[in-house]
Every structure is written in structure tokens, then in C-alpha cells.
Amino acid sequence: MLPAVDLFEYQGKQFFKGYGMPVSDGEVAFSVDEAVAAAERLGTPVMVKAQVHTGGRGKAGGVKFAASVDDVQNHASNILGLDINGHIVRRLWIEKASDISEEYYASFTLDRSAKKHLGMLSAEGGVEIETVAAENPDAISKVLVDPAEGLTEEAARAWVEGANLNPAATDQAVEIMRKLYVAYTEGDADLVEINPLILTPEGRVHVLDAKVTLDANAVFRHDDYTQYDETQPRDEREEAAHAKGLQYVGLAGSVGVIANGAGLAMSTVDVVNQVGGKPANFLDIGGGANAQVMANALEVINNDPDVRAIFINIFGGITRGEEVANGIIGALDAVDIEAPIVLRLDGTNAAEGREILAPHLNEKLVMEPTMLDAARRAVAMAAA
Amino acid sequence: MSIFVNSDTKVVYQGLTGSQGRYYGMLNRDYGTNVVAGTNPRKAGTDVEGVPVFANCTEAVAATGANASCIFIPAPGVFTAVMDAAEAGIEFVACITEGVPAHDEARFFNMLKRDYPHVRLLGPNCPGIITPGECNIGITAGHIAKPGGPVGIVSRSGTLTYQALYELQQKDIGVTTCVGIGGDPVPGTSFIDCLEAFEADPDTKAVMMIGEIGGSAEEEAAAFIKDNMSKPVSSYIAGVTAPPGKKMGHAGAIVSGGKGTAAAKMDALRDAGVRVGLNPTEAGELMAEIVAEL
């Protein structure tokens, strides 16, 4: 399965704008000069907002009000390069400042248990919604929408009225919530969230922040979504694996893990931990396990300087043991692997596969009969 | 006995003419599955190694009496394929295809529930179902499953499904039916659907359940087991030590309500009397103990 696609705030706002929702005018800036130029075009006052894929920007000093262009210069130079929860700020969103009377929260996501879409709306916005849910759950108005039926005007109104917003906001909120539902469904989002949705002193309801996560499986019907690929947060190892089409998650240990199937890969990480080791990664090479895929996987792991041993865990289902064995031999020819490899090969024609591998075994390539034995051996090798 | 599929099941392969559909369709036929038809609107009237190809499921059912389907259509066509099978009156639909958009899954799940409540959908993104010795629909390697029972298997993960079958085969334990429900956000068939069917199946005496982190399906299954199951269950949850994945924002965290971690799932299962292994081998050993006690 492909990872979800996280949008920056400014991308989320442009996404919402495309569905007719009210957002503030703004521009992206990658430098102090660009920030200043943007503010001059927009006219002060503006907000200077760090664009990072993490929460808590405000607390970290990543969101500042700028009354003048001098302020923009000041804030932009402070915020660019700032480390917010391990995310370095590389881009800013300069946006016309809004006056705020009230702050609300709104979102749609899938309720996996109900197998329906869940809308949440609260008059207590601008704070962490988890806190509201824990301390004052009645302050969150919920609506379950049947995906086969959609969100009717009537249901949207009842939902909005249940949230006890300022009555002046009701009609606009109903309209915005219906558009939010369309953006969520037609835009193939896993999550759309507005926090805060604001009511201005002039009585306008307006989107002030945007969190959007798209379903990467739906990219085939949204050509423009490829633009978000380059703004996904990945470490160097993940970037290299992504370029090779591998399902890879970087971890902080010394045992490189390669397995076929997400469940088995997760299980392999579990077993390495259980026998006292620390996995360096999660890497699922899928069902096939041919020489090219195996070579790509080994190359990615080989480039991780922390890896001291590699555990390859393959269960042959439809893929036969001989194919797996030949794949590994081919990959070893193609890539010069530094760390020793421990292999566990089981399932269909495992005996034949092991026979093919037997003449290639040495101190850098060893085989163990079970997942647990192999994990113990790899952990011991990584510690040696 | 078995659940959902048996030697009387007649299967139409939607996408039989594609490379995956042909490969696995023929493997399934070699196993003994009644592979009676394929569909492809552009290749109606042709055949794949003797299996007739029809324009759609309705024509395939009329000509062959197919009562099940297996979908190998690429993800963009899955929505239409599922509805085509339902409209044809097919009662069991296994969708192997991975990468189906979650919004499509949510829509066809609820449309089936509303308009075709008799249809059982398995998947998408699942390995399929096997009643060993009788019927194998999907991509499971048939020879790693020992026929005859007494154990039923239900699993959310592909390769771990095979691992579970293999662990039992190594211990000479037979399987009534093994169902891979898949790990997508909206699975057509849930753990509970399978547990309920296994509880009702006289030949299934015990159930092995393989889960994964994320969502709350395992917790819901645990509650079902506690209240409704008389048969013993062993389990394994993959991802015990997985770091928190990409967080689905605040809304996602609220939907799961703090559920979804492996520890929470294992606790819920243990509380329901399930024997929980820390790895697939241990879950297999626990099942061997259960079988010895039967």
C-alpha cells in the first residue's frame, strides 16, 4: 500500500479553494526577500507561517503576526531554518491577517468501525481537538455520512446546529461543511481538517488553517497530485527507497530488515526486538522477490551506515524457493554488501531454494531454519 | 464442512484475460477450483485455456451458473467490477486487487449493504480464500494448506496468512477454511463475519486469528469472541514493536479513541480468553496445544 500524501497548510488551502471554500489570500516564500516581496504585494498586516508537516507550530514560534514589512523581515529570518519537532522550516506561507471573533473546529475522516464518513464540528476550535474530546466530549457535534447517500443539506444543517456555533455563523457553516464533504470525497482525501474555522467581527466564516491528507491510491484519477510527491517529508534513506519503489520506513537500529509482505515485515521487526536487537528499518519487497527487487532492497540497506547485520526473511507462497534463492544470488553479484546477511527461507520449495544457496554460504551469508533463530543470529552479528 | 466456499462453488474470474488473472485463475483451476468463466467486455466470445470469456458477470452467470467471482481487475476498474458481480446475482465476491481508493471501498461496501445485502465481499487487497482440498480462490499457494480441519484461519495480512497455514501444516494440523480479509480501510468481510461463520461450522473446532496494528477491528473481534464464541481461539498481532506510523491527524486519533496499538489489541484478546502468541510460530504452537486438548 502506498503511503498517504500529507499537504502543507498552503497546499491544503489551495485544495479547499478549488472546491469553493473561503480562504485568505497568500503567497509561498522560500527566503526572507520573497517573504518581504509577498507582504508588499498582499499589504500588511500579514501572518508569517512556517510550513512543516507537524503540529505545534505556534508554540514553537513558527507562526507570527507582522504589522509591518519590517516585522515580516524579522519574523521570516527567525522562522526559516527553525527546527519544529525535528522538521526544519524551509518554506513560509505569507497570508493576509484576519480578525477573529470565534474559533471553531471541523473535519471529515473515515470511521473504520462504522464504515461510514465521520464529520466532527465544534465551537471549541483553535485548541487541540483531542483535549476537547477528553474534557468536554459533548462540545463535539458528530455526523455519520453513508458514502452511498452523501451529505444532504438537511443532515448538514442538523449537524451544524448541534455544534452550538454563533447563530450568525450557521448558514455559512452549513455551506462550507457541504463543500468540505465534497472536497473530502471527490478529492479522495483520507482526512480534511480545519482548525480553526473562524467567525470574523464582520460575520464572515472563513478557513484559517488546513490539514489535508490525500489517499495515494487515488492518484490515478488526480493527475495534479504528483506535485505533492516532492514535498513529502522523508529522510535520505526513505527518499532512496521511495525512488526505487520500495515500501521502507527508517528506524534507529543496527539490524537491516528485508521481508516479503507488510505483515511479515512488521512481524520481522517484532522478532528482532523480541530477541534484544534494534531494527534499522522496515522494508517490504512485496510478493515477488526477484533478483532486481532484492538488489534494490539490499542497496538501500547497504547505504545505511548504521546497519551491522542484515536479516532477510522470505516466506514463499506463490513465489517458489528457487526463485528467491536465485534472486538473492543475483543481487549479491550486483551489489557489494558490507554487512553480513542472515537468511531465513521458508514455504513453497524452500528445500530446493536452500540447496541452490548452499554453495554460496560463507561467513557473510548464513542461513537459519526459523524466523526466531535467524533473528537471534542477526542480532548477535550486529553486536559483534 | 467449511465456510463461504466449497467444492460446489463455481467461480467467474473478472479479469481472467489479464496476466495476473490468467496466472492465478489457471493455478486455482489446477488446484481443483471450478473455474467456469472469465469476463472482459472486449474479449467476449474468446476463451482462456478452455475457460469461456463473457462480456460481463450477468452473461457469465446465465451461461455457467457461476455463484462466486474473483476480481483481478486493476484498481481503477474495481468499483464497476464489484457492482457488475452484485448485479449478476453472485453471492460471494473475492477482490484480490490492491491499491483501490478508500472512497471507492466505502461507497461499494455501503451500496452492497443497501442494494445487495445477500452479497459477501472479501477484500479488496486480500489473498483470497481457501477451503483446502476443495476450492482455492485467489493467490494462496494451495499446497501449504492441509485439508480437513479442525482449525479455521482468519487473517488481515497476506504473507502472515501463508505463515499461519504453514505453521499448522508443519504440525500436521488441518484447516477447514482460511480467509484472508485484507488490511484495507474498509474490508468487505470482517474478522467478526468470519468468527461467526466458524462458530456455526460444525467441522471447525478452533480458530486462529492473525491481526495487525491500526484500526479497531481486533478489539471488536475480541468483544465478539468474549460474548459469542464457544470455540477456542489463538492469535498473533503483527506490529508489536512498530513505531507510531504516519499519524492520521487529530481526527484519526479520535476515531480510534486510543485503540489500535498491538498492546491494546493483545490485552483485549487475552481478556476474551484468546491465547495470544508474540510471533507467528508461538501462535502456531498455542494452536497445537488447543488442538491437542480438543
# chains A, B, ... in the order shown; residues from 1 in each chain; ligands from 1
>>> select_by_dssp(residues="range 49-298 of chain A", states="helix (DSSP H, G or I)", output="PyMOL selection string")
chain A and resi 69-79+129-135+137-139+153-161+167-186+216-221+223-231+236-243+262-274+291-298
>>> write_last_selection(atoms="C-alpha atoms", output="compact mmCIF listing (two decimals), in the first residue's frame")
# COMPACT_ATOMS: atom_id res chain seq x y z
CA VAL A 69 7.09 44.86 6.28
CA ASP A 70 9.93 45.26 8.82
CA ASP A 71 8.15 42.78 11.06
CA VAL A 72 7.89 40.37 8.13
CA GLN A 73 11.65 40.63 7.53
CA ASN A 74 12.30 39.96 11.21
CA HIS A 75 9.92 37.01 11.62
CA ALA A 76 10.84 35.41 8.29
CA SER A 77 14.54 35.38 9.15
CA ASN A 78 13.77 33.86 12.58
CA ILE A 79 11.38 31.21 11.33
CA ILE A 129 -9.33 18.63 19.49
CA GLU A 130 -8.06 15.63 21.49
CA THR A 131 -8.24 17.83 24.58
CA VAL A 132 -11.80 18.85 23.78
CA ALA A 133 -12.73 15.20 23.16
CA ALA A 134 -11.26 14.16 26.51
CA GLU A 135 -12.51 17.03 28.65
CA PRO A 137 -16.88 15.44 24.50
CA ASP A 138 -20.36 16.97 24.27
CA ALA A 139 -18.79 20.04 22.67
CA GLU A 153 -28.45 19.82 3.19
CA GLU A 154 -30.86 18.71 5.91
CA ALA A 155 -28.30 16.46 7.64
CA ALA A 156 -25.61 19.14 7.34
CA ARG A 157 -27.88 21.71 8.97
CA ALA A 158 -28.85 19.42 11.86
CA TRP A 159 -25.16 18.63 12.40
CA VAL A 160 -24.12 22.31 12.37
CA GLU A 161 -26.99 23.29 14.67
CA PRO A 167 -26.17 31.72 15.15
CA ALA A 168 -24.68 34.30 12.78
CA ALA A 169 -22.33 31.58 11.52
CA THR A 170 -24.89 28.82 10.91
CA ASP A 171 -25.86 29.37 7.26
CA GLN A 172 -22.30 29.91 6.08
CA ALA A 173 -21.08 26.94 8.14
CA VAL A 174 -23.68 24.65 6.54
CA GLU A 175 -22.48 25.70 3.11
CA ILE A 176 -18.80 25.32 4.00
CA MET A 177 -19.38 21.88 5.59
CA ARG A 178 -21.14 20.66 2.45
CA LYS A 179 -18.22 21.89 0.36
CA LEU A 180 -15.79 20.30 2.80
CA TYR A 181 -17.58 16.97 2.29
CA VAL A 182 -17.31 17.33 -1.49
CA ALA A 183 -13.60 18.20 -1.20
CA TYR A 184 -13.12 15.16 1.05
CA THR A 185 -14.92 12.67 -1.20
CA GLU A 186 -14.25 13.99 -4.72
CA ALA A 216 -2.14 7.95 -2.65
CA ASN A 217 -4.15 5.06 -4.15
CA ALA A 218 -6.38 7.60 -5.90
CA VAL A 219 -3.58 9.45 -7.71
CA PHE A 220 -4.60 7.72 -10.95
CA ARG A 221 -7.66 9.99 -11.21
CA ASP A 223 -3.03 13.96 -12.28
CA ASP A 224 -2.19 17.11 -10.32
CA TYR A 225 -1.45 15.14 -7.12
CA THR A 226 2.02 14.22 -8.37
CA GLN A 227 3.01 17.81 -7.42
CA TYR A 228 2.76 16.80 -3.74
CA ASP A 229 5.24 13.94 -4.08
CA GLU A 230 8.30 16.19 -3.76
CA THR A 231 7.02 17.88 -0.62
CA GLU A 236 17.58 10.29 2.97
CA ARG A 237 17.19 6.53 3.30
CA GLU A 238 13.43 6.77 2.75
CA GLU A 239 13.99 9.03 -0.26
CA ALA A 240 16.33 6.46 -1.85
CA ALA A 241 13.90 3.61 -1.15
CA HIS A 242 10.96 5.62 -2.47
CA ALA A 243 12.84 6.30 -5.71
CA ALA A 262 3.90 -5.92 5.03
CA GLY A 263 2.64 -8.26 7.75
CA LEU A 264 5.75 -10.43 7.64
CA ALA A 265 8.00 -7.35 7.55
CA MET A 266 6.26 -5.96 10.63
CA SER A 267 6.49 -9.36 12.27
CA THR A 268 10.23 -9.49 11.47
CA VAL A 269 10.77 -6.11 13.15
CA ASP A 270 8.87 -7.51 16.16
CA VAL A 271 11.01 -10.63 16.40
CA VAL A 272 14.30 -8.69 16.11
CA ASN A 273 13.14 -6.51 19.01
CA GLN A 274 11.96 -9.53 20.99
CA ALA A 291 16.73 -10.50 -8.30
CA GLN A 292 16.19 -6.85 -9.24
CA VAL A 293 13.87 -6.09 -6.33
CA MET A 294 16.20 -7.90 -3.94
CA ALA A 295 19.21 -5.99 -5.32
CA ASN A 296 17.37 -2.68 -4.88
CA ALA A 297 16.45 -3.57 -1.31
CA LEU A 298 19.99 -4.64 -0.42
>>> residues_around(residues="range 361-368 of chain A", least_positions_apart="5", cutoff="9 Å", atoms="only C-alpha atoms", output="number ranges by chain")
A: 337-345, 354, 373-375, 377
>>> closest_atom_pairs(of="chain B", to="chain A", cutoff="6 Å", atoms="only C-alpha atoms", output="JSON lines")
{"residue": "B:Gly99", "atom": "CA", "partner": "A:Asn217", "partner_atom": "CA", "distance": 5.1}
{"residue": "B:Pro101", "atom": "CA", "partner": "A:Asn217", "partner_atom": "CA", "distance": 5.1}
{"residue": "B:Arg107", "atom": "CA", "partner": "A:Pro147", "partner_atom": "CA", "distance": 5.0}
{"residue": "B:Asn110", "atom": "CA", "partner": "A:Ala148", "partner_atom": "CA", "distance": 5.7}
{"residue": "B:Met111", "atom": "CA", "partner": "A:Ala148", "partner_atom": "CA", "distance": 5.6}
{"residue": "B:Ala141", "atom": "CA", "partner": "A:Ile318", "partner_atom": "CA", "distance": 5.1}
{"residue": "B:Ser157", "atom": "CA", "partner": "A:Gly263", "partner_atom": "CA", "distance": 5.3}
{"residue": "B:Thr159", "atom": "CA", "partner": "A:Gly261", "partner_atom": "CA", "distance": 5.4}
{"residue": "B:Leu160", "atom": "CA", "partner": "A:Leu264", "partner_atom": "CA", "distance": 5.7}
{"residue": "B:Ala238", "atom": "CA", "partner": "A:Ser267", "partner_atom": "CA", "distance": 5.1}
{"residue": "B:Gly239", "atom": "CA", "partner": "A:Met266", "partner_atom": "CA", "distance": 5.1}
{"residue": "B:Val240", "atom": "CA", "partner": "A:Asp270", "partner_atom": "CA", "distance": 5.9}
{"residue": "B:Thr241", "atom": "CA", "partner": "A:Asp270", "partner_atom": "CA", "distance": 5.2}
>>> write_last_selection(atoms="N, CA and C atoms", output="compact mmCIF listing (two decimals), in the first residue's frame")
# COMPACT_ATOMS: atom_id res chain seq x y z
N GLY B 99 -4.58 -1.45 -3.91
CA GLY B 99 -4.49 -0.07 -4.38
C GLY B 99 -5.83 0.55 -4.73
N PRO B 101 -8.85 2.93 -4.16
CA PRO B 101 -9.06 4.12 -3.32
C PRO B 101 -10.06 3.84 -2.19
N ARG B 107 -17.81 3.40 -0.68
CA ARG B 107 -19.04 3.51 -1.47
C ARG B 107 -19.59 2.14 -1.82
N ASN B 110 -21.10 0.18 1.17
CA ASN B 110 -22.42 0.63 1.62
C ASN B 110 -23.50 0.44 0.56
N MET B 111 -23.10 0.48 -0.72
CA MET B 111 -24.09 0.21 -1.78
C MET B 111 -24.49 -1.26 -1.77
N ALA B 141 -0.91 -20.19 -2.04
CA ALA B 141 -0.31 -21.41 -2.57
C ALA B 141 -1.02 -22.59 -1.92
N SER B 157 -3.45 -10.11 7.09
CA SER B 157 -2.20 -9.89 6.37
C SER B 157 -1.91 -11.03 5.41
N THR B 159 1.10 -12.32 3.63
CA THR B 159 2.17 -13.30 3.89
C THR B 159 2.02 -13.98 5.24
N LEU B 160 1.44 -13.27 6.22
CA LEU B 160 1.24 -13.91 7.52
C LEU B 160 0.13 -14.97 7.46
N ALA B 238 0.60 -8.58 14.45
CA ALA B 238 1.86 -8.06 13.91
C ALA B 238 2.00 -6.58 14.23
N GLY B 239 3.25 -6.16 14.49
CA GLY B 239 3.49 -4.74 14.73
C GLY B 239 3.59 -4.38 16.19
N VAL B 240 3.90 -5.39 17.05
CA VAL B 240 4.02 -5.15 18.49
C VAL B 240 5.01 -4.02 18.77
N THR B 241 6.12 -4.00 18.01
CA THR B 241 7.18 -3.04 18.29
C THR B 241 7.28 -1.95 17.23
>>> residues_around(residues="Met266 in chain B", least_positions_apart="5", cutoff="10 Å", atoms="only C-alpha atoms", output="NGL selection string")
:B and (211 or 218-219 or 222 or 235-237 or 240 or 261 or 271-272 or 274-278)
>>> residues_around(residues="Ile3 in chain B", least_positions_apart="3", cutoff="10 Å", atoms="only C-alpha atoms", output="PDB file with C-alpha atoms, in the first residue's frame")
ATOM      1  CA  ASN B   6     -16.574 -25.447  -1.047  1.00  0.00           C
ATOM      2  CA  ILE B 129      -9.947 -17.773   0.475  1.00  0.00           C
ATOM      3  CA  ILE B 130      -9.090 -21.453   0.521  1.00  0.00           C
ATOM      4  CA  THR B 131     -11.070 -24.440   1.686  1.00  0.00           C
ATOM      5  CA  GLY B 152     -10.306 -22.204  10.780  1.00  0.00           C
ATOM      6  CA  THR B 176     -11.372 -26.142   7.319  1.00  0.00           C
ATOM      7  CA  THR B 177     -11.182 -22.747   5.605  1.00  0.00           C
ATOM      8  CA  CYS B 178      -8.568 -19.990   5.601  1.00  0.00           C
ATOM      9  CA  VAL B 179      -9.896 -16.485   4.916  1.00  0.00           C
ATOM     10  CA  CYS B 194     -15.568 -14.992   9.804  1.00  0.00           C
ATOM     11  CA  GLU B 196     -19.425 -16.013  13.400  1.00  0.00           C
ATOM     12  CA  ALA B 197     -19.251 -18.383  10.416  1.00  0.00           C
ATOM     13  CA  PHE B 198     -16.553 -20.532  12.052  1.00  0.00           C
ATOM     14  CA  GLU B 199     -18.587 -20.718  15.270  1.00  0.00           C
ATOM     15  CA  ALA B 200     -21.530 -22.042  13.221  1.00  0.00           C
ATOM     16  CA  ASP B 201     -19.454 -24.523  11.195  1.00  0.00           C
ATOM     17  CA  ASP B 203     -16.211 -29.073  11.461  1.00  0.00           C
ATOM     18  CA  THR B 204     -14.296 -26.059  12.715  1.00  0.00           C
TER      19      THR B 204
END
